[in-house]
Each structure stands twice: as structure tokens, then as C-alpha cells.
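Structure first, commentary second.
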Amino acid sequence: MKQSDVPVLQYPWDYKIAPFAESFYEEQNSWINTDYLFMSEATRTKYKKHGLVQAASYMFPAVQTMEQMRPIARFMVWLTLYDDYYEVCPIKELAPIRDHIMDVMLGENPRPDDIGLLRQVALSRDEFRPYVNNNWFQRWAESFYDYTTYGIMEETPYKLKQEFPTLSNLLLIREYSISMYPYGDPVEPSMGFIAPDSVSKHPVIKRLKMLMCRIMAIQNDFASIEKELAVKTEVLNIILVMKHQYKISLEEACTEAMQMHDDYISEFVELQTSLPEFGPIQRDVKNFVHHMTLMISGLGAWYHKGSSTRYKIPGEYPSPEYGKKV
């Protein structure tokens, strides 16, 4: 199946792009040349063409200044490269790496012998500071913990065994491994509203975030299906898991996955249009949920209209390099 044959997912919301989509390439390349030297030169060259800093403007269109966008763009790069680099890292080795990164996210300085990724974590933390509070930092770190622990670490055994999970298990894992819980946290500083606990812990808001993650997991699997069909050992794409479990054709699996995606969208819209009462911050909460929708539709637009080679050109997706000599 060629990418041109893959159905394009649709959304009831438009998308917007912040005015910095083409503004961070020089900085991005400097970050990669300076702090990602633990990766091979070939891999670093690929990342420079992935357009991750461009994706930040598609996902966070409310940002008004370069200074406000910089920590988000930097975060987009370091979290994506972290995900790729440690993709099949042994769980026992990844746990202390996760914990150390969280410590830096929450204020510790990188160690002298840390890889450059930790310097990028610290820089994004410091750049976020003018726009957030300690409560947000704590939630950001917790999102990173959950993504690593319930996402990456849960995926690893299936990847190593080359074994399909059940669809039910996959949906739970992909909800976290897609990394949209931590990627979603910058929605708040991007729009100048840091949600209090009464909002962030409310069951409806938590459900909306869960739906956002599942929608974007399916979105990602549609965007990457051509790349993953070329890898015989790919077992974690929702479309491929449906094909395997239901013993249906690839086209039928795409239809089933699209229906699941659309059902999630319908539930999101229903909850969005009947939010609970949050008192004097009701307007802020509505705007917050609105910007969650712009994050979803914006990333969908970036997959199809952005300049990234990550999903569009065979061979441009890097292999995991943790534990390898580069």
C-alpha cells in the first residue's frame, strides 16, 4: 500500500499554523550538531529533514512569539529523538534513564557525563519557566513518566518477540506510547492558561485527553503505514493489528481503524459541547479544549502538508541506536 492509497482522516475542526513554522530550522540544526553527537552522523542528517520544529507550529498555533515557541520546538525535538533512540532499550536500563530525565525536567542540573539530550531537557525546562508554574512542571514530568513506563516499556516485549498484541492491549499501550500526553502539556503555556487541579484532574478533561491520545495514535499509524509495511517485524501499528486479529485485508483494516478514529472524534465532540461548569474560568477551559482540537487537526495537516521526510521517504526513519557504537 502506497501512502497515496491510504485514506486521509477527517476532522470537524479546521487547523491553524503559528507564524513560526519555518523559523527554527537553523536553531534545530545547531541543537542536533551540538547535543546529539551520541547519535550517528547519518541519523543526525535524517533528523534535520524531519521538520519537527515545523510540527510545533502546526500543533500549537496560539503561540505569539519566537521566545514562547522555542521551548515547545526544542521539546518536540528532544522527546521525539528520545523515543527513537531508546525504542528497544532494555526495560531495566530505561527506568533509571527515565527517572534522571524527570529529575532534570523538575529542576536538577545535568551531570557532567550526561549525553547532550539532558542539556536539551534542561534548556527546554528553563525556557518554559516564564510561562508555567510548578504544578504544570509536575504534570509535565508525570506525563513523561507515564509515556515511558506504560508506553515504551510496554511496547518493548512485543517488539523483541515480534508478536502482535491484542487490539485491546494495543489501544492501552498506544494511548501512552504515542507520547501525546507529554506533547499535549504545552497546549497550556501556548495559550497562556495553566489549568488548575480542578480542571486537569476532572474526569471529563481526563477523558478528553485520553481521546486526544487515541485519535492521534490512529492518526500516526495511518501516516506511517507505508513505512511500517516495509518492516516485516512491525507488530504495533493499529491497522496491522486489526488485519492480524480479525484476519481481514489491509483495506478492510484501514476501514475499521478509520471507524474507530471517527467514533473517538464523535465522543470528543459530544464532551466538548457539554463541558461541566468550571465557574469563572469556564471560558478558559473551553478555549483549552478548543486548542486540544487544533493540536489534533494541526498534526494531521502536518503529516500531509508539512515538509518532513520522516514518513514520506523510505529509509528516512532512523533505526534505534541505543547500545550501538556510532
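By order in the C-alpha cells, chains are A, B, ...; within a chain, residues start at 1; ligands start at 1, following the order shown.
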How close does each residue of region 168-269 of chain A get to region 70-75 of chain A, giving the shortest atom pair and distance in Å to one decimal for every residue with an atom at most 9 Å away, counting only C-alpha atoms, sorted by chain and residue number, as CSV?
residue,atom,partner,partner_atom,distance
A:Tyr183,CA,A:Phe75,CA,8.2
A:Pro186,CA,A:Ile72,CA,6.7
A:Ser190,CA,A:Ile72,CA,8.4
Export, as a compact mmCIF listing (two decimals), in the first residue's frame, the selected residues with N, CA and C atoms.
# COMPACT_ATOMS: atom_id res chain seq x y z
N TYR A 183 3.31 15.57 24.98
CA TYR A 183 3.25 16.56 23.91
C TYR A 183 2.07 17.51 24.10
N PRO A 186 2.17 21.28 26.56
CA PRO A 186 2.42 22.66 26.11
C PRO A 186 1.22 23.40 25.54
N SER A 190 1.07 27.51 25.60
CA SER A 190 0.94 28.10 24.27
C SER A 190 -0.21 29.10 24.20
Output as JSON lines one row per residue of region 207-232 of chain A within 12 Å of region 136-158 of chain A: the closest atom pair and its distance in Å to one decimal place, counting only C-alpha atoms, sorted by chain and residue number ascending.
{"residue": "A:Lys209", "atom": "CA", "partner": "A:Ser143", "partner_atom": "CA", "distance": 11.4}
{"residue": "A:Cys213", "atom": "CA", "partner": "A:Tyr147", "partner_atom": "CA", "distance": 10.9}
{"residue": "A:Ala217", "atom": "CA", "partner": "A:Gly151", "partner_atom": "CA", "distance": 11.6}
Could you tell me how far CA of Gly192 (chain A) lies from CA of Tyr131 (chain A), in Å and to one decimal? 7.1 Å
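Summary of the local environment: counting only C-alpha atoms, residues at most 10 Å from Asn220 (chain A), other than itself and those fewer than 5 positions away along its chain, are Ile178, Arg214, Ile215, Ile225, Asn237, Ile238, Leu299, Gly300, Tyr303 and Tyr311 of chain A.
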Can you list, as a ChimeraX atom specification, every protein, DNA or RNA residue that comes within 10 Å of region 17-25 of chain A when you count only C-alpha atoms, leaving out same-chain residues fewer than 2 positions away? /A:15,27-31,48-49,51-66,69-70,73-74,294-295,298,301-302,306-307
Could you work out how far CA of Met76 (chain A) lies from CA of Leu167 (chain A), giving the answer in Å with one decimal?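 Result for CA of Leu167 (chain A) versus CA of Met76 (chain A): 28.0 Å, one decimal.
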Distance of CA of Lys159 (chain A) from CA of Val235 (chain A), expressed in Å to one decimal place: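 According to the coordinates, CA of Val235 (chain A) and CA of Lys159 (chain A) are separated by 6.8 Å.
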Would you mind listing what lies within 10 Å of Asp262 (chain A) as a list in words, with only C-alpha atoms counted and same-chain residues fewer than 3 positions away left out?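 Neighbouring residues, sequence-local ones excluded: Leu9, Gln10, Tyr11, Ile215, Glu256, Ala257, Met258, Gln259, Ile265, Ser266, Glu267 and Phe268 of chain A.
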At most 12 Å is the cut-off: for each residue in region 74-113 of chain A with any atom that close to an atom of region 123-127 of chain A, write down the nearest atom pair and the distance in Å rounded to one decimal, counting only C-alpha atoms, chain first then increasing number, as a Markdown table.
| residue | atom | partner | partner_atom | distance |
| --- | --- | --- | --- | --- |
| A:Arg74 | CA | A:Ser124 | CA | 6.1 |
| A:Phe75 | CA | A:Ser124 | CA | 6.2 |
| A:Met76 | CA | A:Ser124 | CA | 9.8 |
| A:Val77 | CA | A:Ser124 | CA | 10.3 |
| A:Trp78 | CA | A:Ser124 | CA | 9.1 |
| A:Leu79 | CA | A:Ser124 | CA | 10.8 |
| A:Ile101 | CA | A:Arg125 | CA | 11.1 |
| A:Met102 | CA | A:Arg125 | CA | 10.7 |
| A:Asp103 | CA | A:Arg125 | CA | 11.0 |
| A:Val104 | CA | A:Arg125 | CA | 8.1 |
| A:Met105 | CA | A:Arg125 | CA | 5.9 |
| A:Leu106 | CA | A:Arg125 | CA | 7.8 |
| A:Gly107 | CA | A:Arg125 | CA | 7.8 |
| A:Glu108 | CA | A:Arg125 | CA | 10.2 |
| A:Asn109 | CA | A:Leu123 | CA | 10.1 |
| A:Pro110 | CA | A:Leu123 | CA | 10.3 |
Given only C-alpha atoms as the counted atoms, nearest of A:Leu118, A:Met292, A:Tyr47, A:Ile205 to Phe278 (chain A):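 The shortest atom-to-atom distance to Phe278 (chain A) comes from A:Ile205.
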How would you write, as a ChimeraX atom specification, the set of residues in region 3-141 of chain A that DSSP gives as helix (DSSP H, G or I)? /A:3-5,25-35,41-47,52-59,66-85,91-105,116-131,134-141
If you count only C-alpha atoms, the residue of A:Lys206, A:Lys46, A:His261, A:Lys16 closest to Phe222 (chain A) turns out to be A:His261
Selected residue of minimal separation from Leu236 (chain A) among A:Asp197, A:Asp221, A:Glu41, A:Glu175, counting only C-alpha atoms: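 Between A:Asp197, A:Asp221, A:Glu41, A:Glu175, the residue approaching Leu236 (chain A) most closely is A:Asp221.
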Using only C-alpha atoms for the distances, tell me which of A:Leu171, A:Val132, A:Met216, A:Val269 is nearest to Val241 (chain A).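 With only C-alpha atoms as the atom set, the closest residue is A:Leu171.
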